[in-house]
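*Asks:* Below is the file my_file-v8.cif, with mmCIF, C-alpha atoms.
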data_input
loop_
_atom_site.label_atom_id
_atom_site.label_comp_id
_atom_site.auth_asym_id
_atom_site.auth_seq_id
_atom_site.Cartn_x
_atom_site.Cartn_y
_atom_site.Cartn_z
CA MET A 43 74.46 9.74 199.07
CA SER A 44 78.18 9.79 198.21
CA MET A 45 80.27 12.89 197.71
CA ASN A 46 80.61 12.21 194.00
CA GLN A 47 76.88 11.70 193.57
CA THR A 48 76.21 14.93 195.45
CA THR A 49 78.48 16.87 193.09
CA GLU A 50 77.15 14.96 190.06
CA SER A 51 80.63 13.98 188.86
CA TRP A 52 81.22 10.87 186.78
CA ASP A 53 83.72 8.33 188.11
CA ALA A 54 85.58 5.93 185.85
CA GLU A 55 83.19 3.24 187.08
CA GLY A 56 80.36 5.21 185.48
CA SER A 57 78.26 5.87 188.58
CA VAL A 58 76.66 8.98 187.05
CA ALA A 59 76.40 9.51 183.31
CA PRO A 60 76.86 13.01 181.87
CA ASN A 61 73.88 14.79 180.43
CA PRO A 62 73.90 15.52 176.69
CA GLY A 63 75.26 18.95 175.86
CA GLU A 64 77.17 19.35 179.15
CA ARG A 65 80.72 20.68 179.11
CA LEU A 66 82.93 17.87 180.38
CA ALA A 67 86.24 18.13 182.24
CA LEU A 68 88.57 15.19 182.90
CA VAL A 69 89.95 15.31 186.45
CA VAL A 70 92.93 12.98 186.78
CA SER A 71 94.48 12.24 190.19
CA HIS A 72 95.35 9.26 192.42
CA ASP A 73 94.39 11.34 195.46
CA SER A 74 90.63 11.35 196.15
CA SER A 75 90.85 14.57 198.18
CA ALA A 76 92.65 16.37 195.35
CA ARG A 77 90.09 15.05 192.84
CA GLY A 78 87.27 16.43 194.98
CA VAL A 79 88.81 19.89 195.26
CA ILE A 80 89.58 20.13 191.53
CA SER A 81 86.12 18.79 190.65
CA ARG A 82 84.49 21.52 192.70
CA ALA A 83 86.63 24.15 190.96
CA CYS A 84 85.45 22.78 187.59
CA GLN A 85 81.81 22.73 188.70
CA GLN A 86 82.01 26.35 189.85
CA ALA A 87 83.03 27.22 186.30
CA GLY A 88 80.09 25.27 184.84
CA PHE A 89 81.95 22.10 183.78
CA GLN A 90 80.85 18.55 184.59
CA PRO A 91 83.88 16.70 186.06
CA ILE A 92 84.76 13.13 185.08
CA ASN A 93 86.97 11.69 187.85
CA CYS A 94 89.76 9.33 186.80
CA LEU A 95 92.28 7.59 189.06
CA GLY A 96 95.06 7.66 186.52
CA VAL A 97 96.16 8.66 183.04
CA ARG A 98 95.29 5.26 181.56
CA GLU A 99 91.67 5.59 182.64
CA ALA A 100 91.63 9.21 181.47
CA VAL A 101 92.84 8.18 178.01
CA SER A 102 90.06 5.58 177.88
CA MET A 103 87.44 8.13 178.95
CA ALA A 104 88.67 10.73 176.46
CA GLY A 105 88.09 8.24 173.69
CA GLU A 106 84.51 7.50 174.80
CA VAL A 107 83.14 10.99 175.53
CA GLY A 108 83.89 14.45 174.21
CA VAL A 109 85.77 16.52 176.79
CA GLU A 110 86.62 20.20 176.61
CA VAL A 111 89.35 20.34 179.27
CA CYS A 112 91.67 17.99 181.14
CA CYS A 113 92.91 18.73 184.69
CA LEU A 114 95.91 16.59 185.69
CA GLU A 115 97.01 16.64 189.35
CA CYS A 116 100.69 15.82 189.87
CA PRO A 117 102.32 16.69 193.23
CA ASP A 118 105.87 15.84 192.06
CA PRO A 119 106.45 15.86 188.28
CA GLU A 120 109.92 14.34 188.71
CA ALA A 121 108.59 11.24 190.45
CA ILE A 122 106.62 10.00 187.42
CA ASP A 123 106.98 9.84 183.66
CA LEU A 124 104.99 13.03 183.19
CA PRO A 125 106.14 13.67 179.57
CA GLY A 126 104.93 10.19 178.64
CA TYR A 127 101.58 10.76 180.35
CA LEU A 128 101.18 14.11 178.59
CA GLN A 129 101.90 12.52 175.24
CA ASP A 130 99.29 9.81 175.83
CA LEU A 131 96.68 12.39 176.89
CA ARG A 132 97.45 14.69 173.98
CA MET A 133 97.09 11.87 171.48
CA ALA A 134 93.76 10.79 173.00
CA MET A 135 92.15 14.24 172.86
CA PRO A 136 91.64 16.91 170.19
CA GLU A 137 94.44 19.43 169.97
CA SER A 138 92.07 22.20 171.06
CA VAL A 139 91.49 20.59 174.50
CA PRO A 140 93.79 22.25 177.08
CA ILE A 141 95.73 20.16 179.57
CA LEU A 142 95.86 21.99 182.90
CA LEU A 143 98.53 20.79 185.33
CA VAL A 144 97.83 21.15 189.06
CA THR A 145 101.12 20.93 190.92
CA SER A 146 103.27 22.63 193.54
CA ALA A 147 103.95 26.25 192.57
CA ARG A 148 107.62 25.95 193.48
CA ALA A 149 108.03 23.09 191.03
CA VAL A 150 106.83 25.09 188.04
CA PRO A 151 110.09 26.93 187.18
CA GLN A 152 111.91 23.59 187.17
CA HIS A 153 109.64 22.18 184.48
CA GLU A 154 109.20 24.88 181.85
CA SER A 155 109.80 22.22 179.22
CA LEU A 156 106.40 20.77 180.11
CA TYR A 157 104.74 23.59 178.13
CA THR A 158 106.40 22.29 174.98
CA GLN A 159 105.26 18.76 175.82
CA GLY A 160 101.56 19.54 175.92
CA VAL A 161 100.76 21.45 179.13
CA THR A 162 98.59 24.50 178.46
CA GLU A 163 98.72 26.12 181.92
CA VAL A 164 99.95 25.31 185.43
CA PHE A 165 97.97 25.95 188.63
CA SER A 166 98.88 25.73 192.29
CA PRO A 167 96.69 23.44 194.45
CA ASP A 168 96.60 26.24 197.04
CA ARG A 169 94.98 28.70 194.61
CA LEU A 170 92.46 26.76 192.59
CA GLU A 171 90.23 29.84 192.30
CA ARG A 172 92.57 30.70 189.40
CA LEU A 173 91.57 27.44 187.75
CA THR A 174 87.90 28.37 188.08
CA GLN A 175 88.55 31.81 186.60
CA TYR A 176 90.49 30.28 183.71
CA LEU A 177 87.69 27.84 182.90
CA ARG A 178 85.04 30.53 183.08
CA ALA A 179 86.99 32.74 180.70
CA ARG A 180 87.53 29.84 178.31
CA ASP A 181 83.85 28.94 178.35
CA ALA A 182 82.96 32.57 177.59
CA GLU A 183 85.36 32.54 174.64
CA ARG A 184 83.96 29.33 173.15
CA SER A 185 80.26 29.67 173.72
CA GLY A 186 79.91 33.32 174.54
CA PRO A 187 80.31 35.61 171.56
CA ARG A 188 77.03 37.03 172.94
CA GLY A 189 78.89 37.93 176.12
CA GLN A 190 81.93 39.07 174.16
CA TYR A 191 79.92 41.59 172.11
CA VAL A 192 80.31 39.84 168.76
CA TYR A 193 77.00 37.98 168.52
CA GLY A 194 75.11 39.03 165.38
CA LYS A 195 78.05 40.99 163.93
CA ARG A 196 78.56 40.82 160.15
CA VAL A 197 81.62 39.33 158.46
CA LEU A 198 82.60 39.35 154.79
CA LEU A 199 84.49 36.18 153.78
CA VAL A 200 86.55 36.34 150.57
CA GLU A 201 87.63 32.81 149.62
CA ASP A 202 87.72 31.05 146.23
CA SER A 203 87.84 27.54 147.70
CA ARG A 204 84.31 26.29 148.29
CA THR A 205 85.58 23.73 150.82
CA VAL A 206 87.51 26.26 152.91
CA ALA A 207 84.64 28.75 152.70
CA HIS A 208 82.20 26.12 153.96
CA VAL A 209 84.39 25.31 156.97
CA VAL A 210 84.97 28.97 157.87
CA ARG A 211 81.30 29.94 157.45
CA LYS A 212 80.15 26.98 159.53
CA THR A 213 82.64 27.81 162.29
CA LEU A 214 81.61 31.46 162.48
CA THR A 215 77.86 31.08 162.04
CA GLU A 216 77.77 28.51 164.83
CA GLN A 217 79.10 31.28 167.08
CA GLY A 218 76.28 33.66 166.15
CA LEU A 219 78.04 35.66 163.42
CA THR A 220 76.46 36.59 160.09
CA VAL A 221 78.78 35.67 157.21
CA ASP A 222 78.55 36.87 153.59
CA TRP A 223 80.74 34.86 151.19
CA VAL A 224 82.27 35.98 147.87
CA SER A 225 84.92 34.23 145.84
CA CYS A 226 86.82 37.10 144.21
CA GLY A 227 88.21 40.52 145.01
CA GLU A 228 85.96 42.34 142.55
CA ASP A 229 82.82 41.06 144.30
CA ALA A 230 84.35 41.91 147.68
CA LEU A 231 84.80 45.56 146.68
CA GLU A 232 81.15 45.74 145.59
CA HIS A 233 79.93 44.19 148.86
CA VAL A 234 82.03 46.56 151.00
CA ALA A 235 80.67 49.53 149.06
CA ARG A 236 77.05 48.42 149.59
CA ASN A 237 77.17 47.01 153.12
CA ARG A 238 78.69 47.73 156.50
CA TYR A 239 80.89 44.95 157.86
CA ASP A 240 82.49 44.48 161.27
CA LEU A 241 85.29 42.33 159.81
CA MET A 242 86.61 41.07 156.49
CA ILE A 243 88.39 37.71 156.25
CA THR A 244 90.23 37.19 152.99
CA ASP A 245 92.48 34.59 151.43
CA LEU A 246 95.59 36.06 149.84
CA VAL A 247 95.35 33.91 146.71
CA LEU A 248 92.05 34.54 144.90
CA GLU A 249 90.56 33.88 141.51
CA GLY A 250 90.11 36.88 139.24
CA ALA A 251 92.26 39.90 138.51
CA ILE A 252 92.47 41.15 142.12
CA SER A 253 94.53 39.12 144.59
CA GLY A 254 93.88 39.19 148.33
CA MET A 255 96.84 41.50 148.89
CA ALA A 256 95.69 43.82 146.10
CA LEU A 257 92.20 43.81 147.66
CA VAL A 258 93.58 44.90 151.05
CA GLU A 259 95.71 47.60 149.44
CA GLN A 260 92.75 48.92 147.43
CA LEU A 261 90.45 49.09 150.47
CA ARG A 262 93.01 50.93 152.58
CA ARG A 263 93.65 53.33 149.70
CA ASP A 264 89.90 53.94 149.40
CA GLY A 265 89.76 55.11 153.01
CA TYR A 266 88.67 51.97 154.86
CA GLY A 267 91.01 52.31 157.83
CA ASP A 268 92.18 49.68 160.29
CA PHE A 269 89.16 50.09 162.52
CA THR A 270 86.70 51.22 159.88
CA LEU A 271 87.05 47.73 158.41
CA PRO A 272 89.40 45.36 160.26
CA ILE A 273 90.91 42.69 157.99
CA LEU A 274 91.96 39.16 158.92
CA ALA A 275 94.09 37.46 156.27
CA MET A 276 94.32 33.73 155.64
CA THR A 277 97.63 32.57 154.21
CA GLY A 278 99.56 29.39 153.63
CA PHE A 279 102.84 31.28 154.17
CA ASP A 280 104.20 32.12 157.60
CA ASP A 281 107.65 33.54 156.92
CA PRO A 282 108.74 36.84 158.56
CA ALA A 283 109.04 38.70 155.24
CA ARG A 284 105.45 37.83 154.27
CA ARG A 285 104.15 38.84 157.71
CA ARG A 286 105.86 42.23 157.46
CA GLU A 287 104.34 42.79 154.02
CA LEU A 288 100.86 41.90 155.26
CA PHE A 289 101.01 44.36 158.14
CA ARG A 290 102.52 47.03 155.87
CA LEU A 291 99.56 46.71 153.52
CA GLY A 292 97.09 47.15 156.37
CA VAL A 293 96.09 43.67 157.52
CA ASN A 294 95.15 43.74 161.23
CA ASP A 295 95.90 40.06 161.87
CA TYR A 296 96.32 36.77 160.03
CA VAL A 297 95.85 33.01 160.41
CA THR A 298 97.78 30.31 158.61
CA LYS A 299 96.25 27.50 156.61
CA PRO A 300 94.98 24.95 157.36
CA VAL A 301 92.89 27.12 159.64
CA ILE A 302 92.57 26.01 163.27
CA GLU A 303 89.00 26.57 164.44
CA ASP A 304 89.81 27.92 167.91
CA GLU A 305 92.48 30.27 166.57
CA LEU A 306 90.11 31.59 163.91
CA LEU A 307 87.38 32.21 166.49
CA ILE A 308 89.68 33.97 168.95
CA ARG A 309 91.30 36.22 166.34
CA THR A 310 87.91 36.99 164.80
CA ARG A 311 86.45 37.85 168.18
CA ASN A 312 89.41 40.03 169.18
CA LEU A 313 89.27 42.06 165.96
CA ILE A 314 85.50 42.57 166.16
CA ILE A 315 85.72 43.64 169.81
CA ALA A 316 88.56 46.04 168.96
CA HIS A 317 86.48 47.40 166.06
CA ARG A 318 83.48 47.93 168.34
CA LEU A 319 85.59 49.67 170.99
CA ALA A 320 87.21 51.90 168.37
CA THR A 321 83.77 52.79 167.01
CA ARG A 322 82.61 53.69 170.50
CA VAL A 323 85.67 55.87 171.10
CA GLU A 324 85.12 57.63 167.78
CA ALA A 325 81.45 58.21 168.61
CA GLN A 326 82.38 59.60 172.02
CA ARG A 327 84.95 61.88 170.42
CA ALA A 328 82.33 63.10 167.95
CA ARG A 329 79.89 63.75 170.80
CA LEU A 330 82.53 65.69 172.72
CA ASN A 331 83.36 67.74 169.63
CA LEU A 332 79.67 68.42 169.11
CA MET A 333 79.25 69.50 172.74
CA GLU A 334 82.02 72.05 172.25
CA VAL A 335 80.10 73.79 169.45
CA THR A 336 76.50 73.14 170.53
CA ASP A 337 74.19 74.98 172.87
CA ALA A 338 73.06 72.48 175.50
CA LEU A 339 69.58 73.96 175.92
CA THR A 340 68.39 74.41 172.34
CA GLY A 341 70.57 71.97 170.42
CA LEU A 342 71.56 74.78 168.05
CA TYR A 343 75.16 75.72 167.42
CA ASN A 344 76.62 78.04 170.05
CA ARG A 345 78.03 81.56 169.67
CA ARG A 346 81.57 80.24 169.25
CA MET A 347 80.58 78.05 166.29
CA LEU A 348 78.51 80.87 164.78
CA PHE A 349 81.48 83.25 164.68
CA SER A 350 83.86 80.54 163.46
CA MET A 351 81.59 79.52 160.58
CA GLY A 352 80.60 83.13 159.91
CA ALA A 353 84.17 84.03 158.99
CA LYS A 354 84.31 81.04 156.60
CA TYR A 355 80.99 81.99 155.02
CA ILE A 356 82.27 85.51 154.37
CA ALA A 357 85.47 84.20 152.78
CA MET A 358 83.43 81.88 150.55
CA ALA A 359 81.02 84.68 149.59
CA ARG A 360 83.90 86.92 148.55
CA ARG A 361 85.60 84.14 146.59
CA THR A 362 82.43 83.13 144.73
CA GLU A 363 80.99 86.66 144.57
CA THR A 364 77.69 85.50 146.09
CA PRO A 365 75.54 87.23 148.73
CA PHE A 366 75.65 86.40 152.42
CA SER A 367 73.30 87.66 155.14
CA LEU A 368 72.85 87.34 158.89
CA LEU A 369 69.48 87.18 160.65
CA LEU A 370 68.99 87.74 164.39
CA LEU A 371 65.70 86.93 166.18
CA GLU A 372 65.09 88.38 169.66
CA ILE A 373 62.44 86.81 171.93
CA ASP A 374 61.07 89.68 174.05
CA ASP A 375 58.93 87.73 176.49
CA LEU A 376 61.45 85.51 178.31
CA ALA A 377 61.82 87.77 181.35
CA GLU A 378 58.05 87.86 181.91
CA ILE A 379 57.71 84.08 181.44
CA ASN A 380 60.60 83.41 183.83
CA ALA A 381 59.05 85.69 186.46
CA GLN A 382 55.55 84.23 186.13
CA TYR A 383 56.23 80.52 185.47
CA GLY A 384 59.85 79.94 186.43
CA TYR A 385 63.11 79.49 184.57
CA ASP A 386 62.23 75.96 183.42
CA ALA A 387 59.30 77.46 181.54
CA GLY A 388 61.59 80.04 179.96
CA ASP A 389 63.97 77.26 178.88
CA GLU A 390 61.08 75.40 177.28
CA VAL A 391 60.08 78.52 175.34
CA MET A 392 63.63 78.85 174.01
CA ARG A 393 63.63 75.19 172.92
CA LEU A 394 60.28 75.60 171.16
CA SER A 395 61.37 78.84 169.51
CA SER A 396 64.61 77.23 168.29
CA THR A 397 62.68 74.36 166.71
CA ALA A 398 60.27 76.76 165.05
CA MET A 399 63.13 78.86 163.68
CA ARG A 400 64.85 75.82 162.18
CA GLU A 401 61.60 74.77 160.51
CA GLY A 402 61.28 78.21 158.94
CA ALA A 403 64.91 78.28 157.74
CA ARG A 404 66.49 76.70 154.68
CA ALA A 405 68.47 73.47 154.86
CA SER A 406 71.67 75.34 153.99
CA ASP A 407 71.30 77.91 156.81
CA LEU A 408 73.31 77.64 160.02
CA ALA A 409 71.15 78.07 163.13
CA ALA A 410 72.75 79.19 166.40
CA ARG A 411 71.95 80.64 169.78
CA MET A 412 73.47 84.10 169.93
CA GLY A 413 72.57 84.98 173.53
CA ASP A 414 70.10 84.29 176.33
CA THR A 415 67.09 85.44 174.29
CA CYS A 416 68.64 85.88 170.84
CA LEU A 417 68.73 83.32 168.00
CA ALA A 418 70.73 83.64 164.80
CA LEU A 419 70.69 82.32 161.24
CA ALA A 420 73.73 82.55 158.97
CA LEU A 421 72.32 82.70 155.43
CA PRO A 422 74.77 81.82 152.62
CA HIS A 423 73.75 82.68 149.03
CA CYS A 424 71.01 84.89 150.46
CA SER A 425 70.38 88.54 149.55
CA VAL A 426 68.78 91.01 151.92
CA VAL A 427 65.40 90.61 150.17
CA ASP A 428 65.50 86.81 150.53
CA ALA A 429 66.68 87.19 154.13
CA GLU A 430 63.60 89.28 154.92
CA GLY A 431 61.42 86.42 153.61
CA VAL A 432 63.22 83.94 155.87
CA ALA A 433 62.86 86.32 158.84
CA ILE A 434 59.11 86.72 158.34
CA ARG A 435 58.60 82.95 158.09
CA CYS A 436 60.59 82.33 161.28
CA ARG A 437 58.86 85.10 163.21
CA LYS A 438 55.40 83.82 162.23
CA ALA A 439 56.37 80.27 163.24
CA ILE A 440 57.54 81.42 166.68
CA GLU A 441 54.60 83.77 167.29
CA ALA A 442 52.20 80.91 166.45
CA LEU A 443 53.43 78.87 169.43
CA TYR A 444 51.42 80.57 172.23
CA PRO A 445 53.32 78.93 175.11
CA PHE A 446 51.35 79.13 178.41
CA GLY A 447 48.66 80.98 176.49
CA MET A 448 50.97 83.92 175.74
CA LYS A 449 51.67 85.33 172.31
CA LEU A 450 55.42 85.84 171.93
CA ALA A 451 56.81 89.12 170.66
CA VAL A 452 59.68 88.56 168.23
CA ARG A 453 61.96 91.21 166.72
CA PHE A 454 64.40 90.55 163.90
CA GLY A 455 67.46 92.29 162.53
CA ILE A 456 69.18 91.66 159.20
CA SER A 457 72.60 92.60 157.86
CA THR A 458 74.19 91.73 154.50
CA LEU A 459 77.78 91.58 153.32
CA SER A 460 78.50 94.46 150.92
CA ALA A 461 81.41 96.34 149.49
CA GLU A 462 80.25 99.58 151.06
CA GLY A 463 79.13 98.26 154.45
CA ALA A 464 80.04 95.24 156.56
CA GLN A 465 83.45 93.77 155.81
CA SER A 466 83.73 91.15 158.57
CA PHE A 467 81.40 88.89 160.50
CA ASP A 468 81.75 91.15 163.56
CA ASP A 469 80.54 94.01 161.39
CA LEU A 470 77.51 91.95 160.30
CA VAL A 471 76.64 91.13 163.91
CA GLY A 472 76.89 94.77 164.94
CA LEU A 473 74.64 95.91 162.08
CA ALA A 474 72.08 93.15 162.74
CA LEU A 475 71.93 94.05 166.44
CA ALA A 476 71.46 97.71 165.58
CA SER A 477 68.61 96.88 163.20
CA LEU A 478 66.71 94.95 165.89
CA GLY A 479 65.34 98.22 167.24
CA PRO A 480 63.77 98.67 170.70
CA SER A 481 61.71 95.96 172.34
CA ARG A 482 58.04 96.19 171.43
CA ARG A 483 57.06 95.39 174.99
CA SER A 484 59.45 97.95 176.45
CA ALA A 485 58.06 100.54 174.00
CA ALA A 486 54.52 99.69 175.06
CA PHE A 487 55.39 100.41 178.72
CA ALA A 488 57.37 103.60 177.95
#
Would it be possible to restate this file's structure as structure tokens?
*Replies:*
Amino acid sequence: MSMNQTTESWDAEGSVAPNPGERLALVVSHDSSARGVISRACQQAGFQPINCLGVREAVSMAGEVGVEVCCLECPDPEAIDLPGYLQDLRMAMPESVPILLVTSARAVPQHESLYTQGVTEVFSPDRLERLTQYLRARDAERSGPRGQYVYGKRVLLVEDSRTVAHVVRKTLTEQGLTVDWVSCGEDALEHVARNRYDLMITDLVLEGAISGMALVEQLRRDGYGDFTLPILAMTGFDDPARRRELFRLGVNDYVTKPVIEDELLIRTRNLIIAHRLATRVEAQRARLNLMEVTDALTGLYNRRMLFSMGAKYIAMARRTETPFSLLLLEIDDLAEINAQYGYDAGDEVMRLSSTAMREGARASDLAARMGDTCLALALPHCSVVDAEGVAIRCRKAIEALYPFGMKLAVRFGISTLSAEGAQSFDDLVGLALASLGPSRRSAAFA
């Protein structure tokens, strides 16, 4: 079996035909050894190489089969008519197909003009692992929105041209995106209000009273920030003044018409990935902020948050002339449970008691852990009489738990903001602690 048959490449003579659906790479070189090395680099990236002895054969092959990349080996660019070869290759293949030049690294600086003549990237024959990495990354970009975290994401397309909308929707849905299409700015505002989108793509010239630029301005003014709703604009203008205006209004990126499929996909993917990362960062920041004010064991707010919010509740109560009360619940049995069953058991009792207290409280009450065995409820718009009703409900809910077969003993203390008594939240805490009274268990053993 020949080397080329072993590697399943396709020579110009057609010894092995490509399988349908395979990603094809043209490998063009007069040197059989160089062709073999480049072919292996392509295969490692998942591309089926088509070996050609020269540019003429490569042009013929490009016209017969669909290729996704062309690798041209050229030891000395000055020794041949490389610009002419590049022009022939570029005319024979779609514009989206990259032409990768494999040549001596020291020759690259001498031929920077080759980039303007059709070369996409230059690789050294001594480091073809870079070629493999490049091809793998390109394949992930084209067929891997799943791997690039955009598969299944939702896009709103605002375009009044049915033809353009069809092309854009087809391009994006083929990559696994869900696309909703509207033709005017008014409908776009309604869709954004009702649905959550990972990206909006809008033409700047739209039918109806709201232009694309007015739509962007309205959304940003309504609080949809850059990464709350990233926006990709489509425009037929590409002058510097228009670009500055687009970015000033809040567009994240733009593509010019007629839209190039690969450019649209890449810019769409980049914006959706950036949106996802920004969402993750915001969620992590929210979690960190919550950890700063939350008790890790019970999930209730911690003492710091209780005192911070308590001061605000008092200010609000004074301003609105409404009552405000504080309820403290002391669990007397934690020391005995810890001694008999261990500290993990005591932690579980505190978690259960916290849940029971929240179920007995009102939705407007702030629940917190005051200390090791003390829970607290800040009760806005609650008089001392109403606070006693909340306290009894919470105590009954906790005493009904019977953890480890034990009935819990729960004491409560209440204090209320008044003109004659407590004037600050510290005062309320002191009065509530004083009203707790002695432990029932300690009194029983006295």
*Asks:* Using Å and a single decimal, report how far atom CA of A:Leu419 sits from atom CA of A:Asp337.
*Replies:* 14.2 Å
*Asks:* Under the PyMOL selection byres ((chain A and resi 173) around 10), which residues of this model are included? Write them out as an MDAnalysis selection string.
*Replies:* chainID A and resid 80 83:84 86:87 113 142:144 163:167 169:172 174:179
*Asks:* Find the distance between atom CA of A:Thr458 and atom CA of A:Val426 and write it in Å to one decimal.
*Replies:*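 Atom CA of A:Val426 lies at a distance of 6.0 Å from atom CA of A:Thr458.
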*Asks:* Pick from A:Asp389, A:Asp375, A:Glu441, A:Glu305: nearest to A:Met276, with only C-alpha atoms counted?
*Replies:*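 For A:Met276, the nearest of the candidates is A:Glu305.
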*Asks:* Using atom CA of A:Met103 and atom CA of A:Thr158 as the two end points, give the distance in Å to one decimal.
*Replies:*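 Computing the Euclidean distance for atom CA of A:Met103 and atom CA of A:Thr158 yields 24.0 Å.
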